[in-house]
$ cat target-v1.cif   # mmCIF, C-alpha atoms
data_my_file
loop_
_atom_site.label_atom_id
_atom_site.label_comp_id
_atom_site.auth_asym_id
_atom_site.auth_seq_id
_atom_site.Cartn_x
_atom_site.Cartn_y
_atom_site.Cartn_z
CA MET A 1 0.00 0.00 0.00
CA ALA A 2 1.32 3.46 -0.90
CA GLN A 3 2.19 5.96 1.85
CA GLY A 4 -0.70 8.23 0.83
CA GLU A 5 -3.19 5.38 1.15
CA VAL A 6 -1.79 4.44 4.57
CA LEU A 7 -2.31 8.01 5.76
CA GLU A 8 -5.79 8.04 4.22
CA PHE A 9 -6.68 4.82 6.06
CA GLU A 10 -5.31 6.15 9.36
CA GLU A 11 -7.33 9.36 8.96
CA TYR A 12 -10.44 7.35 8.13
CA VAL A 13 -10.00 5.21 11.26
CA ARG A 14 -9.39 8.28 13.44
CA THR A 15 -12.57 10.00 12.27
CA ARG A 16 -14.88 6.96 12.13
CA GLN A 17 -13.68 4.74 15.00
CA ASP A 18 -16.42 5.77 17.45
CA ALA A 19 -19.22 5.06 14.99
CA LEU A 20 -17.62 1.78 13.96
CA LEU A 21 -17.20 0.73 17.60
CA ARG A 22 -20.91 1.42 18.19
CA SER A 23 -21.68 -0.86 15.24
CA ALA A 24 -19.44 -3.55 16.70
CA ARG A 25 -21.18 -3.17 20.09
CA ARG A 26 -24.50 -3.90 18.39
CA LEU A 27 -23.08 -7.10 16.91
CA VAL A 28 -21.57 -8.57 20.08
CA PRO A 29 -22.77 -7.96 23.64
CA ASP A 30 -19.39 -7.85 25.39
CA PRO A 31 -17.54 -4.49 25.04
CA VAL A 32 -14.12 -6.17 24.93
CA ASP A 33 -15.29 -8.56 22.21
CA ALA A 34 -16.65 -5.55 20.30
CA GLN A 35 -13.23 -3.89 20.41
CA ASP A 36 -11.60 -7.12 19.25
CA LEU A 37 -14.14 -7.42 16.46
CA LEU A 38 -13.46 -3.88 15.27
CA GLN A 39 -9.68 -4.34 15.42
CA THR A 40 -9.91 -7.58 13.44
CA ALA A 41 -12.14 -5.92 10.84
CA LEU A 42 -9.77 -2.95 10.55
CA ALA A 43 -6.78 -5.27 10.12
CA ARG A 44 -8.58 -7.17 7.37
CA THR A 45 -9.72 -3.97 5.68
CA TYR A 46 -6.25 -2.38 5.82
CA GLY A 47 -4.89 -4.93 3.37
CA ARG A 48 -7.71 -4.25 0.93
CA TRP A 49 -8.03 -0.48 1.41
CA ASP A 50 -6.67 0.34 -2.06
CA GLY A 51 -9.31 -1.99 -3.56
CA ILE A 52 -12.18 0.11 -2.21
CA ALA A 53 -12.79 2.44 -5.13
CA ASP A 54 -15.55 4.51 -3.52
CA LYS A 55 -14.25 5.44 -0.04
CA THR A 56 -17.71 6.79 0.90
CA LEU A 57 -18.75 3.13 1.11
CA ALA A 58 -15.92 2.23 3.50
CA ASP A 59 -18.29 2.15 6.50
CA ALA A 60 -20.54 -0.35 4.74
CA TYR A 61 -17.51 -2.43 3.74
CA LEU A 62 -16.18 -2.48 7.31
CA ARG A 63 -19.58 -3.37 8.74
CA ARG A 64 -19.81 -6.30 6.33
CA VAL A 65 -16.32 -7.42 7.41
CA MET A 66 -17.42 -7.19 11.07
CA ILE A 67 -20.54 -9.25 10.37
CA ASN A 68 -18.54 -11.89 8.52
CA THR A 69 -15.90 -11.98 11.28
CA ARG A 70 -18.54 -12.35 13.98
CA THR A 71 -20.09 -15.21 12.01
CA GLU A 72 -16.68 -16.89 11.70
CA TRP A 73 -16.17 -16.57 15.47
CA TRP A 74 -19.61 -18.02 16.14
CA ARG A 75 -18.99 -20.97 13.83
CA ALA A 76 -15.57 -21.63 15.35
CA ARG A 77 -17.08 -21.64 18.82
CA LYS A 78 -19.67 -24.19 17.73
CA LEU A 79 -16.92 -26.47 16.41
CA GLU A 80 -15.27 -26.48 19.83
CA GLU A 81 -18.18 -28.47 21.23
CA VAL A 82 -17.28 -32.08 21.83
CA PRO A 83 -19.98 -34.76 21.98
CA THR A 84 -19.98 -36.90 25.12
CA GLU A 85 -21.87 -39.93 26.27
CA GLN A 86 -23.32 -38.18 29.30
CA LEU A 87 -25.11 -34.90 29.20
CA PRO A 88 -24.01 -32.26 31.69
CA ASP A 89 -26.48 -31.21 34.36
CA ALA A 90 -28.49 -28.44 32.86
CA ARG A 91 -29.37 -25.47 35.00
CA VAL A 92 -33.06 -24.85 34.88
CA GLU A 93 -34.13 -21.23 35.19
CA ASP A 94 -37.42 -21.30 37.00
CA GLY A 95 -37.65 -17.55 37.45
CA SER A 96 -37.91 -17.80 41.23
CA GLU A 97 -34.97 -15.42 41.79
CA GLN A 98 -36.49 -12.92 39.41
CA ARG A 99 -39.85 -13.13 41.18
CA ALA A 100 -38.15 -12.78 44.56
CA ASP A 101 -36.24 -9.70 43.39
CA ARG A 102 -39.44 -8.18 42.03
CA ALA A 103 -41.31 -8.94 45.26
CA LEU A 104 -38.50 -7.35 47.28
CA LEU A 105 -38.53 -4.29 45.04
CA MET A 106 -42.30 -3.91 45.35
CA ASP A 107 -42.05 -4.27 49.12
CA VAL A 108 -39.17 -1.81 49.45
CA LEU A 109 -40.97 0.77 47.29
CA LYS A 110 -43.66 0.89 49.99
CA VAL A 111 -41.30 2.77 52.32
CA LEU A 112 -41.31 5.73 49.93
CA ALA A 113 -43.78 8.57 50.00
CA PRO A 114 -46.22 8.47 47.07
CA LYS A 115 -44.49 11.38 45.31
CA GLN A 116 -41.08 9.69 45.65
CA ARG A 117 -42.48 6.37 44.48
CA SER A 118 -44.00 8.02 41.41
CA VAL A 119 -40.71 9.67 40.48
CA VAL A 120 -38.73 6.44 40.89
CA VAL A 121 -41.20 4.40 38.86
CA LEU A 122 -41.40 6.91 36.01
CA ARG A 123 -37.65 7.58 35.84
CA HIS A 124 -36.32 4.03 36.29
CA TRP A 125 -39.13 1.63 35.48
CA GLU A 126 -40.74 3.56 32.65
CA GLN A 127 -37.36 5.05 31.68
CA MET A 128 -38.75 8.52 31.17
CA SER A 129 -36.38 11.47 30.98
CA THR A 130 -36.26 13.99 33.81
CA GLU A 131 -38.26 16.43 31.70
CA GLU A 132 -40.90 13.83 30.77
CA THR A 133 -41.24 12.82 34.41
CA ALA A 134 -41.59 16.46 35.46
CA ALA A 135 -44.30 17.05 32.86
CA ALA A 136 -46.16 13.87 33.81
CA LEU A 137 -46.15 14.77 37.51
CA GLY A 138 -46.62 18.52 37.11
CA MET A 139 -43.38 19.53 38.82
CA SER A 140 -40.11 21.13 37.82
CA ALA A 141 -37.14 19.13 36.55
CA GLY A 142 -35.15 20.24 39.60
CA THR A 143 -37.83 18.89 41.92
CA VAL A 144 -37.78 15.58 40.05
CA LYS A 145 -33.99 15.36 40.46
CA SER A 146 -33.96 16.18 44.16
CA THR A 147 -36.93 13.91 44.87
CA LEU A 148 -35.28 11.07 42.96
CA HIS A 149 -32.02 11.60 44.84
CA ARG A 150 -33.73 11.43 48.24
CA ALA A 151 -35.86 8.46 47.18
CA LEU A 152 -32.88 6.44 45.97
CA ALA A 153 -30.98 7.24 49.17
CA ARG A 154 -33.98 6.03 51.18
CA LEU A 155 -34.21 2.83 49.11
CA ARG A 156 -30.49 2.14 49.63
CA GLN A 157 -30.90 2.70 53.36
CA GLU A 158 -33.88 0.34 53.50
CA LEU A 159 -32.08 -2.38 51.52
CA GLU A 160 -29.01 -2.10 53.74
CA SER A 161 -31.20 -2.33 56.84
CA ARG A 162 -32.93 -5.42 55.50
CA GLU A 163 -29.58 -6.97 54.61
CA LEU A 164 -28.36 -6.44 58.18
CA ASP A 165 -31.59 -7.91 59.55
CA PHE A 166 -31.22 -10.91 57.25
CA ARG A 167 -27.63 -11.50 58.34
CA ALA A 168 -28.68 -11.32 61.97
CA LEU A 169 -31.40 -13.90 61.38
CA GLU A 170 -28.94 -16.10 59.52
CA HIS A 171 -26.67 -16.15 62.55
CA GLY A 172 -29.58 -16.81 64.90
CA TYR A 173 -29.58 -13.60 66.85
CA THR A 174 -30.63 -9.99 66.74
CA GLY A 175 -28.70 -6.98 67.94
CA GLU A 176 -31.00 -6.59 70.95
CA VAL A 177 -30.51 -10.14 72.18
CA LYS A 178 -26.77 -9.94 71.67
CA GLY A 179 -26.64 -6.65 73.58
CA ARG A 180 -28.56 -8.14 76.51
CA GLU A 181 -26.23 -11.14 76.59
CA ARG A 182 -23.27 -8.81 76.99
CA CYS A 183 -24.97 -6.94 79.86
CA ALA A 184 -25.77 -10.20 81.66
CA ALA A 185 -22.20 -11.44 81.38
#
$ encode --input "target-v1.cif" --output "structure tokens"
Amino acid sequence: MAQGEVLEFEEYVRTRQDALLRSARRLVPDPVDAQDLLQTALARTYGRWDGIADKTLADAYLRRVMINTRTEWWRARKLEEVPTEQLPDARVEDGSEQRADRALLMDVLKVLAPKQRSVVVLRHWEQMSTEETAAALGMSAGTVKSTLHRALARLRQELESRELDFRALEHGYTGEVKGRERCAA
């Protein structure tokens, strides 16, 4: 590759790397794998850069290389599977942990004032923006932010308190009983 084409490729990578990394992140869930995917695609494209006549299509070319590379990785991973006579114990997801987490969340939300609960639900459950939440509840964006801050602090405090209570129950005592035992001794 000529020196001018090398510089052209380097400039292209410098200006387009963020957009290309976002494309890679959409193809593979792990951020490190996405970076590896992009680097592999760039290395493969570098050798063929002079063959891309219309450089405005370089993004499309690189995305196609990333898709093909991801497919190669997926196929290679499938080939690593080795058949055995005995099947491994399969983990069965029954959803009980998810239901328990949801039940805990619903219970913990009860400690909040109605206004705080509304802000938390709209901002985090419904994923509304601060402005959308403010409009929906008829308050200012600043009030939404401060209410959300206090509500999340209260939720953290409640979860920590419940965690301490749970640990105490696990060990078979409460702080009050343990304190009385010390006084009696």
$ residues_near_point --input "target-v1.cif" --point "(-43.0, 10.5, 44.0)" --cutoff "12 Å" --atoms "only C-alpha atoms" --output "PyMOL selection string"
chain A and resi 109-123+133-134+136-139+143-152
$ closest_residue --input "target-v1.cif" --among "A:Asp30, A:Thr130, A:Val65, A:Glu11" --to "Gly142 of chain A" --atoms "only C-alpha atoms"
A:Thr130
$ residues_around --input "target-v1.cif" --residues "segment 40-57 of chain A" --least-positions-apart "3" --cutoff "9 Å" --atoms "only C-alpha atoms" --output "list in words"
Met1, Ala2, Glu5, Val6, Phe9, Val13, Gln35, Asp36, Leu37, Ala60, Tyr61, Leu62, Arg63, Arg64, Val65, Met66 and Thr69 of chain A
$ atom_distance --input "target-v1.cif" --atom1 "atom CA of Glu158 of chain A" --atom2 "atom CA of Ala100 of chain A"
16.4 Å
$ atom_distance --input "target-v1.cif" --atom1 "atom CA of Asn68 of chain A" --atom2 "atom CA of Leu27 of chain A"
10.7 Å
$ residues_around --input "target-v1.cif" --residues "Asp18 of chain A" --least-positions-apart "6" --cutoff "12 Å" --atoms "all atoms listed in the file" --output "short mmCIF file (atom, residue, chain, number, x, y, z; two decimals) with C-alpha atoms, keeping the file's coordinate frame"
data_model
loop_
_atom_site.label_atom_id
_atom_site.label_comp_id
_atom_site.auth_asym_id
_atom_site.auth_seq_id
_atom_site.Cartn_x
_atom_site.Cartn_y
_atom_site.Cartn_z
CA TYR A 12 -10.44 7.35 8.13
CA ALA A 24 -19.44 -3.55 16.70
CA ARG A 25 -21.18 -3.17 20.09
CA ALA A 34 -16.65 -5.55 20.30
CA GLN A 35 -13.23 -3.89 20.41
CA LEU A 38 -13.46 -3.88 15.27
CA ASP A 59 -18.29 2.15 6.50
#
$ closest_residue --input "target-v1.cif" --among "A:Arg70, A:Val82, A:Gln127, A:Glu163" --to "Pro29 of chain A" --atoms "all atoms listed in the file"
A:Arg70
$ closest_residue --input "target-v1.cif" --among "A:Arg102, A:Arg91, A:Arg75, A:Arg22" --to "Trp125 of chain A" --atoms "all atoms listed in the file"
A:Arg102
$ atom_distance --input "target-v1.cif" --atom1 "atom CA of Trp74 of chain A" --atom2 "atom CA of Arg16 of chain A"
25.7 Å
